[in-house]
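Participant: Structure below; questions to follow.
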Amino acid sequence: MDKTVNQKAWFLVLPVFLVVAFSAVLPLMTVVNYSMQDTFGNNQFFWNGVGWFKELLDPSTDLGGRFLASLGRNLFFSLVILAIEVPLGIVVALSMPREGWTVAACLVILALPLLIPWNVVGTIWQIFGRPDIGLLGYVLNAAGFDYNYVSNDIDAWVTVIVMDVWHWTSLVALLCYAGLKSIPEAYYQAAQIDGASRWAVFKAIQLPKMNRVLLIAVLLRFMDSFMIYTEPFVVTGGGPGNSTTFVSIELVKIALGQFDLGKAAALSLVYNLIILIVCWIFYTVMTNAGVERKVQASSEPAVEPKPSVGLKPVPALKPKEGVA
Amino acid sequence: MARIDLVDLAHSYGGNNAPQESFALKPVTMTWRQGGAYALLGPSGCGKTTLLNVISGIITPSRGQILFDGKDITPLSTQKRNIAQVFQFPVIYDTMTVGQNLAFPLKNRGVPKAEIDKRVAEIGRVLDLEPYLNRKATRLTADAKQKISLGRGLVRSDVAAVLFDEPLTVIDPELKWQLRSKLKALHRELDLTMIYVTHDQTEALTFADTVVVMHDGRVVQSGTPAELFDKPAHTFVGYFIGSPGMNILPAEVQGREAKVGGHVIALNRAYDNLPAGAKIEIGVRPEFVEVVGPAPGLLTARIERIDDLGRIRFARVRVGDAKLAARAPAGFTSADGTAGLKFDPSHVHVYADSLLVEGAA
């Protein structure tokens, strides 16, 4: 059968093409274009080739030094919050009630931080931590701790990390709770009968059943924390000095503060590339985990124990006459 | 190894003050002897799983006691009772090998390593799991997984009773026979008390030497399969056991006669002391009613259809409003759709308010 040829069909796809072109392709290409040039304003551009990229990856230059330092801070930040939020989320999920009205109450309370806009979270903590009027800052100082996130690097880091933990542990906890809820009651009863301790139940039942959602939680939290901008920007503005300047904050400083479009474009392309690579690695790891299981399944046919050997033969039992 | 006594045991999910009619398990006193193979039979929601969970300690009963060999263990937790339980869906620990799964209950109880290895090897042999001991347990078939669940119970040498909660539900039909035979063999080999919950009468009657029938939270009869079949103590047992179930007909009973719709059916025993005001019924199994050509002196019935079960044929007939099943002898046909019913008097039972009444000889 011949296909009807009707080139008018292209018109149906055209709107999407246009939208994607103007919203994604053109801006991205503009960024690529900028990354190869230098400008001093007045819409005058000078060709620079891969110069910005070379500078970016060379720690001895100003641009490279700032980028690599902020990248390091960003990775450290992600690691720290993952190391706190994942175990804490598991603990919270484990200690949540399994039924009754308290479940709904817990879910709502846990969901609250997730519902707050990011800049509001930042503002809350910015005020909360102030030594003069903030509850946290005031109480800490009154208790004898010299706490000031504006002047002390470590205080600033602690504030940013605690804020992120407060904001996002709920997400990990909710995901883990969903994983926990999917475990049938019989598993717990069987473990009880097997005399398993609380820790053995966690290791043998709960953790294995949660590993899938945990992988998703780690992925989400890593990506989110790697591109964090709003909260630290609102609380510390990247300071004191550059101590809490993460990649996105550095990027905005260069692009909008200094209006160095070429450097900023090169930086954002590399930033984008890092995110893509990390995404790809996670994706491969996650799908491979599934594939491995399937391969194992097909190469090793489902095991079927042979009918009894080494036991007295048992005559097949027949239902009693007239009963069945 | 133990004898299990239930003393005035009852459970309500609504608390002890709930009206007794709402109890999931109504007060019951009974004994499970050491080494018996029991089946708890009843329809869904009749309280059999509740009773099982009370014995294993997953549920603490609202009232009453459970004695193991005369020792009250009611307040003890599941871990402290020597009970093994196999659930409807196989429970295996995914991350462990089959061997580690079997060793789990012993490891939790701090048994020395050498002892664990010995027991695991032994149970692996008994359950034909030897070739899989070092494999991950996840990739096994449902029946193998169910064997592992069972094995985790049997691996403890001190286990007093093994409880089964409809363990064959997820098993393929052809494997069900195998696994059930295996359970029977284990029962003989290990001399364990086994309690098997099911709603499938074939499973119950083939597995157990004593079948306990439950209905609406009550134990209505406990006896051998033959007893349940020949002399149901409750109309429910008559109806639930056997296929088709027992015919139950409202009747007026006087002495050695039962009147059904004006027609007299002879009885083997005399029933003179029936409780006044009780609902009187007669019950007779389809196997002991025969359809024959209509004749004077026989109860006349209209034939609705005849089911051919291969080995035996049952006629579905109607007498007035009541529906009955009756044996149709080979070669029986009915020209005009009516037939006479011939009752075997020795198998006609009389029930007052659903309970069997023993007549005088």
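In the structure tokens, chains take letters A, B, ... by order of appearance, with residues numbered from 1 within each chain and ligands from 1 in the order shown.
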If you count only C-alpha atoms, which residues fall within 12 Å of Val278 in chain A, apart from same-chain ones fewer than 4 positions away, as a list in words?

Facilitator: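 My list of contacting residues is Leu75, Val218, Leu219, Leu220, Phe222, Met223, Phe226, Tyr271, Asn272, Leu273, Ile274, Phe282, Tyr283, Thr284 and Val285 of chain A.
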
Participant: Quick one: residues within 10 Å of Pro184 in chain A, only C-alpha atoms, excluding same-chain residues fewer than 5 positions away - as a compact mmCIF listing (two decimals) with N, CA and C atoms, in the first residue's frame?

Facilitator:
# COMPACT_ATOMS: atom_id res chain seq x y z
N GLN A 189 6.34 -10.14 60.20
CA GLN A 189 5.89 -11.23 61.05
C GLN A 189 6.86 -12.40 60.96
N PHE B 89 2.21 -15.78 51.21
CA PHE B 89 3.18 -15.43 50.19
C PHE B 89 4.57 -15.72 50.74
N VAL B 91 8.05 -15.63 52.11
CA VAL B 91 8.90 -14.56 52.64
C VAL B 91 10.34 -15.06 52.58

Participant: Just list as an MDAnalysis selection string whatever in range 104-156 of chain B DSSP marks as alpha helix (DSSP H).

Facilitator: chainID B and resid 104:108 113:126 142:154

Participant: What's the 9 Å shell around range 217-224 of chain B, counting only C-alpha atoms, without same-chain residues fewer than 6 positions away, as a count of residues only?

Facilitator: 25

Participant: For range 34-51 of chain A, find every residue with an atom within 6 Å (counting only C-alpha atoms), except residues of its own chain fewer than 6 positions away, and show them as a VMD selection string.

Facilitator: chain A and resid 262 265 to 266

Participant: As a PyMOL selection string, please: all residues of range 95-299 of chain B that backbone DSSP puts in strand (DSSP E).

Facilitator: chain B and resi 161-165+193-198+210-215+218-223+247-250+252-260+263-271+280-284+289-292+299

Participant: Can you work out which one of B:Pro250, B:Gly242, B:Gly320, B:Gly255 has the shortest atom-to-atom distance to chain A, counting only C-alpha atoms?

Facilitator: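 Smallest distance to chain A is found for B:Gly242.
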
Participant: Write out as a PyMOL selection string which residues come within 10 Å of range 111-119 of chain B when counting only C-alpha atoms, dropping same-chain ones fewer than 3 positions away.

Facilitator: chain B and resi 99-100+102-108+122-125+154-157

Participant: Ranking B:Gln88, B:Gln20, B:Thr97, B:Asn268 by minimum distance to chain A and counting only C-alpha atoms, which one comes first?

Facilitator: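 Using only C-alpha atoms, the shortest distance to chain A belongs to B:Gln88.
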
Participant: Would you mind reading off the distance between CA of Phe145 in chain A and CA of His167 in chain A, one decimal, in Å?

Facilitator: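 CA of Phe145 in chain A sits 24.2 Å away from CA of His167 in chain A.
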